[in-house]
Structure formats: C-alpha cells, structure tokens
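Novice: Supplied in structure tokens, the structure appears directly below.
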Amino acid sequence: MLTECEKGRRPIISGFAVKLAAAIMLLAALVTACGCTHNGPLVRELFAMDTYMRFSVYGLTDGEAVDEAADAVMRLSRLFDATDSRSEVYALDHGAGLPVPVSPETFDVIEGALGLSHRLGSAFELTVRPVLTAWGFTEGEHRIPSDAELAALIENVDDGRVGLDAERNTVTLPEGMQIDLGAVAKGYAADEAARILREGGAKAALLDLGSSTILAFGSKPDGTKWKIAVKDPENADGVAGIIETDGGAVSTSGGYERYFTGPDGQVYWHIIDPRTGRPAKTGILSVTVLTDDAMTGDALSTALFVMGPQAAEEYYRENGGFDFIMLMEDGSIVMTAGAEGVFTPYGSRAGAKVSVVEP
Ligand code: AMP
Ligand code: MG
C-alpha cells in the first residue's frame, strides 16, 4: 500500500475544484522541468525478509515504480527464505547433491555472493547454515552444540564446493551442505529496488531495509544530505551515531540483532566464525560499512564482524573501496578516516575514544 508523502495528502475534490486542481497541476508540471507535482517523497512500507522496510522515493508523479520495487523485494524474500519449503533456497538445501534449477535472481545472488565469499576468505561462508541450525538460529530453538558436533559440521562448510552452471541456471550443493543468504539477501534486494526505481524515473530515494541495510541515491530536493542513524548495540531504542552522506549503502551487522543467553550466562549470537563454528567474539558489538552497492556492504559488514578489528584493518588496507565504523565492547570506536568525515558519535558513544584507521 502506498502511503502518501509528507506534503500534500491527496484531497477529495469534485466539479470546479477538479478542473482548477488539474489546471494548477498542469501549470506546475510545465513550470518544474522534472514534472513533479510535489517535493515530498512517496513512502511505501512493507514487511519482507523478516523485517519492516520503508522506501521513501523522490521525483515520481505516481507510485508505479515504487510498487514494482516493493513487489520485487517481496519476490526475492520468497525465493531466498531457506526456512520456507516453497522457496528456491530450500529446494537447493534439500537437493540431495543434484543440480537444482533456479530463477535468474537466485542464480545471480548466489553467483555474486560466492564471488564476495572468495574475496573475503574463511570469515564469510554461505555454507555455514548447518552450523546456524545446530545453534538453533534457523528454527528458533536455541542450544549450545558440543565441540565434536561443531567440528563435524565445519568439515562441510566450504563455499568453494558450491557448483554453478550458468548455461543451465543450476546450482549444486554437495550432499549435506546447505546455504543461507541471510548475510547478503537484504543488500541484494536493496540494489534491485534501487535499480527498478531509477529505471522508473526516481530522482532520489532512501531505502531502509530494516535499519541494518540502508541505501540512498540521488539528491534530496531540499539539498540536504541523507541522515542515517547507527543503532546503539547496547540499547535497542538508542542511537550511537549519525551518518551524513551524499548517497551509497550503509550496512550494519551486530550480535544484538539475534542472540540468546545460554544456561552458562554467556550470550551467543547469530554471526558465526566458520573456522570454529562458534559465534564470532572479537570485542566488536557492531560493524557499519559504507559502500557504493548494498550487497557488497552487506557481505562486508558480516565478514568484518567475524574477522575482528585487526584482520578487518588489514583487509581494508589491502583492498580499500569501503569505509567502516566499529562499535567496540569497551565503549571505544574504531573507524576509517573516510568514515570519520561523515560519522558523528551520539548518545552513549558521544565522547568515546576513537581510533582512526588510515588507508
Ligand atoms: P548480517 O545481519 O548481514 O550480518 O547477516 C547475518 C546472517 O548471515 C546470519 O543470521 C546468518 O544467516 C548468516 N551468517 C552468519 N554467519 C555467517 C558467516 N560467517 N558468513 C556468511 N553468513 C553468515
Ligand atoms: Mg551482512
């Protein structure tokens, strides 16, 4: 459902008023070269990929492209949901070692994610899903697996063994192997939505896919920068800082998003170090990554969280092309020089000790 923009809720009018309104709109369309009838965004809210999303789109005269973008995201959500027996990822995960034909979008996201996985090394593995299941993160019945169980499971975590056949559009997983697109799905969906909106004539948009993945493109009509809040990982309603940007993707990964407290009093979260099969604990509470495209940012935020601050710094120096902000368990902030220019710590992180990582 399209909820109308901040300015100018559509009035109920008739007769002379209709003609007058039409004349004014025509005039406005002629005067403003962009053909817009207002400056406020069209706003569309939807629930997909287990989260509330909100698209605010500027420069469109009707909501057709916004509906199209929202429909595409809903479709991707259905295709990628590994817990839904009707999804393509479910079919792949239960493919008994045989090639499984998939739609172009599913092939595309897996191909792209495997490319990122290759670059990111052992910190990032789509095939970590059986380990997530062992901890109860896929079905919601949390438990602490034994060392032996984890050791056996990580033997079968290896993205290098996923087979892709671009001619037949099939994906093959060795028997027992399963993939999970949780680390990249929202990023891929954000990029798709932005592409559809741009092609549909949108001049600018802020796409919020559940606050962990945000993509902004174009310039706001009032000329101000996009303002994106970074959540306080220690306070569900709090904000730890504000990013002011001209556009791009902002992706955040944090243990606070999904976790449970074990009988031992320890907190166990959903981001797994594939080398150990255990939740990645490196002193980071959340990582926010700034990139051009949302899928790369999504994969990077998950991977940097697993790598920890030192390995993440090394990865950044060797590869570049992104910025990051890490909110550390000890209250400090580690961020790149590029992030320092756009990020203002706030609330409990205002005045925090900051270490700047130079390129
Ligand atoms: P994100 O919120 O983007 O960091 O993604 C976290 C999700 O990615 C988890 O809920 C899992 O579904 C999946 N995941 C967890 N650990 C990894 C990992 N090391 N590599 C790839 N995906 C992972
Ligand atoms: Mg991610």
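Letters for chains follow the order of the structure tokens (A, B, ...), residue numbers begin at 1 for each chain, and ligand numbers begin at 1 in the order shown.
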Please identify every polymer residue within 9 Å of ligand 1, using only C-alpha atoms and all ligand atoms, and present the set as a CSV table (one decimal) with N, CA and C atoms, in the first residue's frame.
Specialist:
```
chain,number,residue,atom,x,y,z
A,117,SER,N,32.5,-14.1,-1.3
A,117,SER,CA,33.0,-15.1,-0.3
A,117,SER,C,34.4,-15.5,-0.6
A,122,SER,N,37.9,-17.1,4.8
A,122,SER,CA,37.2,-18.0,5.7
A,122,SER,C,36.3,-17.3,6.6
A,123,ALA,N,36.3,-16.0,6.7
A,123,ALA,CA,35.3,-15.3,7.6
A,123,ALA,C,33.9,-15.4,7.1
A,124,PHE,N,33.8,-15.6,5.8
A,124,PHE,CA,32.4,-15.5,5.2
A,124,PHE,C,32.1,-16.7,4.4
A,125,GLU,N,31.1,-17.5,4.8
A,125,GLU,CA,30.7,-18.7,4.1
A,125,GLU,C,29.2,-18.8,4.1
A,126,LEU,N,28.7,-18.8,2.9
A,126,LEU,CA,27.2,-19.0,2.7
A,126,LEU,C,26.8,-20.4,3.2
A,127,THR,N,27.8,-21.3,3.2
A,127,THR,CA,27.5,-22.7,3.5
A,127,THR,C,27.6,-23.0,5.0
A,128,VAL,N,27.5,-21.9,5.8
A,128,VAL,CA,27.6,-22.0,7.3
A,128,VAL,C,26.2,-22.5,7.9
A,129,ARG,N,25.2,-22.6,7.0
A,129,ARG,CA,23.8,-22.8,7.5
A,129,ARG,C,23.7,-24.0,8.5
A,131,VAL,N,25.6,-25.1,10.6
A,131,VAL,CA,26.1,-24.7,11.9
A,131,VAL,C,25.1,-23.8,12.6
A,132,LEU,N,24.5,-22.9,11.9
A,132,LEU,CA,23.4,-22.0,12.4
A,132,LEU,C,22.3,-22.8,13.0
A,137,PHE,N,19.6,-21.2,15.4
A,137,PHE,CA,19.2,-19.9,14.9
A,137,PHE,C,18.3,-20.0,13.7
A,138,THR,N,18.2,-21.1,13.1
A,138,THR,CA,17.3,-21.2,11.9
A,138,THR,C,15.9,-21.6,12.3
A,179,ILE,N,23.1,-23.8,2.1
A,179,ILE,CA,23.5,-22.4,2.1
A,179,ILE,C,22.4,-21.5,2.8
A,180,ASP,N,22.8,-20.3,3.2
A,180,ASP,CA,22.0,-19.4,3.9
A,180,ASP,C,22.3,-18.0,3.3
A,181,LEU,N,21.3,-17.3,2.8
A,181,LEU,CA,21.6,-16.0,2.2
A,181,LEU,C,21.4,-14.8,3.1
A,182,GLY,N,21.3,-15.1,4.4
A,182,GLY,CA,21.0,-14.1,5.4
A,182,GLY,C,22.0,-13.0,5.4
A,183,ALA,N,23.2,-13.2,5.1
A,183,ALA,CA,24.3,-12.2,5.1
A,183,ALA,C,24.3,-11.2,3.9
A,184,VAL,N,23.5,-11.6,2.9
A,184,VAL,CA,23.6,-10.8,1.7
A,184,VAL,C,22.2,-10.4,1.1
A,185,ALA,N,21.1,-11.1,1.5
A,185,ALA,CA,19.8,-11.0,0.9
A,185,ALA,C,19.3,-9.6,0.9
A,186,LYS,N,19.4,-8.9,2.0
A,186,LYS,CA,18.8,-7.5,2.1
A,186,LYS,C,19.7,-6.6,1.2
A,187,GLY,N,21.0,-6.8,1.2
A,187,GLY,CA,21.8,-5.9,0.3
A,187,GLY,C,21.4,-6.1,-1.2
A,212,SER,N,19.3,-2.4,9.2
A,212,SER,CA,20.7,-2.9,9.0
A,212,SER,C,21.2,-2.8,7.6
A,213,THR,N,20.3,-2.5,6.7
A,213,THR,CA,20.7,-2.2,5.3
A,213,THR,C,19.9,-1.0,4.8
A,251,SER,N,25.5,-0.5,5.7
A,251,SER,CA,25.1,-1.9,6.2
A,251,SER,C,25.7,-2.1,7.6
A,252,THR,N,24.9,-2.6,8.5
A,252,THR,CA,25.3,-2.9,9.8
A,252,THR,C,25.1,-4.3,10.2
A,253,SER,N,26.1,-4.9,10.8
A,253,SER,CA,26.0,-6.3,11.4
A,253,SER,C,26.3,-6.2,12.9
A,254,GLY,N,25.5,-6.8,13.7
A,254,GLY,CA,25.7,-6.8,15.1
A,254,GLY,C,25.2,-8.0,15.8
A,255,GLY,N,25.8,-8.4,16.9
A,255,GLY,CA,25.4,-9.5,17.7
A,255,GLY,C,24.0,-9.3,18.3
A,257,GLU,N,21.4,-8.3,17.1
A,257,GLU,CA,20.2,-8.5,16.2
A,257,GLU,C,19.5,-9.8,16.5
A,258,ARG,N,20.3,-10.9,16.7
A,258,ARG,CA,19.7,-12.2,17.1
A,258,ARG,C,20.6,-12.9,18.0
A,269,TRP,N,25.4,-15.3,19.7
A,269,TRP,CA,24.7,-14.6,18.6
A,269,TRP,C,24.9,-15.3,17.3
A,270,HIS,N,24.1,-14.8,16.3
A,270,HIS,CA,23.9,-15.4,15.0
A,270,HIS,C,25.0,-15.2,14.0
A,271,ILE,N,26.0,-14.5,14.3
A,271,ILE,CA,27.1,-14.3,13.3
A,271,ILE,C,28.2,-15.3,13.8
A,272,ILE,N,28.5,-16.3,12.9
A,272,ILE,CA,29.3,-17.4,13.2
A,272,ILE,C,30.7,-17.3,12.6
A,273,ASP,N,31.7,-17.7,13.3
A,273,ASP,CA,33.0,-17.8,12.8
A,273,ASP,C,33.1,-19.2,12.1
A,274,PRO,N,33.2,-19.3,10.8
A,274,PRO,CA,33.1,-20.6,10.1
A,274,PRO,C,34.3,-21.5,10.5
A,275,ARG,N,35.4,-20.9,11.0
A,275,ARG,CA,36.6,-21.7,11.3
A,275,ARG,C,36.4,-22.4,12.6
A,277,GLY,N,33.0,-22.6,14.1
A,277,GLY,CA,31.6,-23.0,14.3
A,277,GLY,C,30.9,-22.3,15.5
A,279,PRO,N,29.8,-18.6,17.7
A,279,PRO,CA,29.6,-17.1,17.4
A,279,PRO,C,30.9,-16.3,17.5
A,280,ALA,N,31.1,-15.4,16.5
A,280,ALA,CA,32.3,-14.7,16.4
A,280,ALA,C,32.4,-13.6,17.6
A,287,VAL,N,29.4,-3.6,13.4
A,287,VAL,CA,30.2,-3.0,12.4
A,287,VAL,C,29.2,-2.4,11.4
A,297,GLY,N,28.3,-4.2,0.7
A,297,GLY,CA,28.3,-3.7,2.1
A,297,GLY,C,27.8,-4.7,3.1
A,298,ASP,N,26.7,-5.4,2.6
A,298,ASP,CA,26.1,-6.4,3.5
A,298,ASP,C,27.0,-7.6,3.8
A,299,ALA,N,27.7,-8.1,2.7
A,299,ALA,CA,28.7,-9.1,2.9
A,299,ALA,C,29.8,-8.7,3.8
A,300,LEU,N,30.3,-7.5,3.5
A,300,LEU,CA,31.5,-6.9,4.2
A,300,LEU,C,31.2,-6.8,5.7
A,301,SER,N,30.0,-6.2,6.1
A,301,SER,CA,29.7,-6.0,7.5
A,301,SER,C,29.7,-7.3,8.2
A,302,THR,N,29.1,-8.3,7.7
A,302,THR,CA,29.1,-9.7,8.3
A,302,THR,C,30.6,-10.2,8.4
A,303,ALA,N,31.3,-10.1,7.4
A,303,ALA,CA,32.7,-10.6,7.3
A,303,ALA,C,33.6,-9.9,8.3
A,305,PHE,N,32.8,-8.3,11.0
A,305,PHE,CA,32.4,-8.7,12.3
A,305,PHE,C,33.1,-10.0,12.7
A,306,VAL,N,33.2,-10.9,11.8
A,306,VAL,CA,33.9,-12.2,12.1
A,306,VAL,C,35.4,-12.0,12.2
```
Novice: Counting only C-alpha atoms, which residues of stretch 167-234 of chain A fall within 12 Å of stretch 98-104 of chain A, and what is the closest atom pair for each with its distance in Å at one decimal, ordered by chain and rising number, as JSON lines?
Specialist:
```
{"residue": "A:Glu167", "atom": "CA", "partner": "A:Pro101", "partner_atom": "CA", "distance": 10.6}
{"residue": "A:Arg168", "atom": "CA", "partner": "A:Pro101", "partner_atom": "CA", "distance": 7.2}
{"residue": "A:Asn169", "atom": "CA", "partner": "A:Pro101", "partner_atom": "CA", "distance": 5.7}
{"residue": "A:Thr170", "atom": "CA", "partner": "A:Pro101", "partner_atom": "CA", "distance": 4.2}
{"residue": "A:Val171", "atom": "CA", "partner": "A:Val100", "partner_atom": "CA", "distance": 5.4}
{"residue": "A:Thr172", "atom": "CA", "partner": "A:Pro99", "partner_atom": "CA", "distance": 4.4}
{"residue": "A:Leu173", "atom": "CA", "partner": "A:Leu98", "partner_atom": "CA", "distance": 7.1}
{"residue": "A:Pro174", "atom": "CA", "partner": "A:Leu98", "partner_atom": "CA", "distance": 7.7}
{"residue": "A:Glu175", "atom": "CA", "partner": "A:Leu98", "partner_atom": "CA", "distance": 8.1}
{"residue": "A:Gly176", "atom": "CA", "partner": "A:Leu98", "partner_atom": "CA", "distance": 11.3}
{"residue": "A:Met177", "atom": "CA", "partner": "A:Leu98", "partner_atom": "CA", "distance": 11.5}
```
Novice: Could you write out that same residue set with N, CA, C and O atoms as a PDB file, in the first residue's frame?
Specialist:
```
ATOM      1  N   GLU A 167      24.939 -21.963 -17.857  1.00  0.00           N
ATOM      2  CA  GLU A 167      24.159 -22.298 -19.062  1.00  0.00           C
ATOM      3  C   GLU A 167      22.804 -22.881 -18.713  1.00  0.00           C
ATOM      4  O   GLU A 167      21.781 -22.550 -19.296  1.00  0.00           O
ATOM      5  N   ARG A 168      22.818 -23.745 -17.712  1.00  0.00           N
ATOM      6  CA  ARG A 168      21.554 -24.398 -17.314  1.00  0.00           C
ATOM      7  C   ARG A 168      20.865 -23.672 -16.165  1.00  0.00           C
ATOM      8  O   ARG A 168      19.767 -24.059 -15.763  1.00  0.00           O
ATOM      9  N   ASN A 169      21.524 -22.633 -15.632  1.00  0.00           N
ATOM     10  CA  ASN A 169      20.979 -21.922 -14.463  1.00  0.00           C
ATOM     11  C   ASN A 169      20.714 -22.875 -13.290  1.00  0.00           C
ATOM     12  O   ASN A 169      19.647 -22.837 -12.672  1.00  0.00           O
ATOM     13  N   THR A 170      21.686 -23.732 -13.021  1.00  0.00           N
ATOM     14  CA  THR A 170      21.524 -24.650 -11.884  1.00  0.00           C
ATOM     15  C   THR A 170      22.608 -24.400 -10.840  1.00  0.00           C
ATOM     16  O   THR A 170      23.685 -23.887 -11.149  1.00  0.00           O
ATOM     17  N   VAL A 171      22.282 -24.765  -9.622  1.00  0.00           N
ATOM     18  CA  VAL A 171      23.234 -24.705  -8.512  1.00  0.00           C
ATOM     19  C   VAL A 171      23.285 -26.100  -7.896  1.00  0.00           C
ATOM     20  O   VAL A 171      22.240 -26.741  -7.733  1.00  0.00           O
ATOM     21  N   THR A 172      24.497 -26.555  -7.577  1.00  0.00           N
ATOM     22  CA  THR A 172      24.633 -27.880  -6.968  1.00  0.00           C
ATOM     23  C   THR A 172      25.377 -27.769  -5.641  1.00  0.00           C
ATOM     24  O   THR A 172      26.471 -27.197  -5.589  1.00  0.00           O
ATOM     25  N   LEU A 173      24.766 -28.294  -4.603  1.00  0.00           N
ATOM     26  CA  LEU A 173      25.435 -28.362  -3.302  1.00  0.00           C
ATOM     27  C   LEU A 173      25.770 -29.824  -3.023  1.00  0.00           C
ATOM     28  O   LEU A 173      24.899 -30.682  -3.181  1.00  0.00           O
ATOM     29  N   PRO A 174      27.014 -30.116  -2.610  1.00  0.00           N
ATOM     30  CA  PRO A 174      27.323 -31.493  -2.215  1.00  0.00           C
ATOM     31  C   PRO A 174      26.358 -31.940  -1.115  1.00  0.00           C
ATOM     32  O   PRO A 174      25.873 -31.108  -0.336  1.00  0.00           O
ATOM     33  N   GLU A 175      26.104 -33.224  -1.081  1.00  0.00           N
ATOM     34  CA  GLU A 175      25.147 -33.745  -0.111  1.00  0.00           C
ATOM     35  C   GLU A 175      25.505 -33.310   1.321  1.00  0.00           C
ATOM     36  O   GLU A 175      26.669 -33.329   1.706  1.00  0.00           O
ATOM     37  N   GLY A 176      24.507 -32.869   2.057  1.00  0.00           N
ATOM     38  CA  GLY A 176      24.737 -32.449   3.446  1.00  0.00           C
ATOM     39  C   GLY A 176      25.067 -30.970   3.576  1.00  0.00           C
ATOM     40  O   GLY A 176      25.010 -30.400   4.660  1.00  0.00           O
ATOM     41  N   MET A 177      25.440 -30.348   2.450  1.00  0.00           N
ATOM     42  CA  MET A 177      25.778 -28.929   2.505  1.00  0.00           C
ATOM     43  C   MET A 177      24.507 -28.093   2.323  1.00  0.00           C
ATOM     44  O   MET A 177      23.617 -28.474   1.559  1.00  0.00           O
TER      45      MET A 177
END
```
Novice: Using only C-alpha atoms and all ligand atoms, which residue out of A:Ser219, A:Asn319, A:Thr133, A:Thr288 lies closest to ligand 2?
Specialist: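 Smallest separation from ligand 2 among the options: A:Thr288.
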Novice: Counting only C-alpha atoms, what is within 9 Å of A:Thr83, bar same-chain residues fewer than 6 positions away, as a list in words?
Specialist: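 Result of the neighbour search: Val89, Tyr90, Thr138 and Glu139 of chain A.
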Novice: Can you work out the spacing between atom CA of A:Leu207 and atom CA of A:Val73 in Å, to one decimal?
Specialist: 11.4 Å
Novice: Name the residues in contact with A:Pro221 at a cut-off of 9 Å, using only C-alpha atoms, excluding same-chain residues fewer than 2 positions from it; report them as a list in words.
Specialist: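 The neighbour list is Asn39, Gly40, Tyr58, Gly59, Ala204, Ser219, Gly223 and Thr224 of chain A.
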Novice: Do a neighbour search on A:Ala190 at 12 Å with only C-alpha atoms, toss out local chain neighbours closer than 3 positions, and write the hits as a ChimeraX atom specification.
Specialist: /A:48-49,53-55,69-70,72-74,76-77,184-187,193-197,205-217,248-251,292-298
Novice: Between A:Gly163, A:Gly331, A:Gly200, A:Gly218, which is the closest to A:Pro233 once you count only C-alpha atoms?
Specialist: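 The answer is A:Gly331, which sits nearest to A:Pro233.
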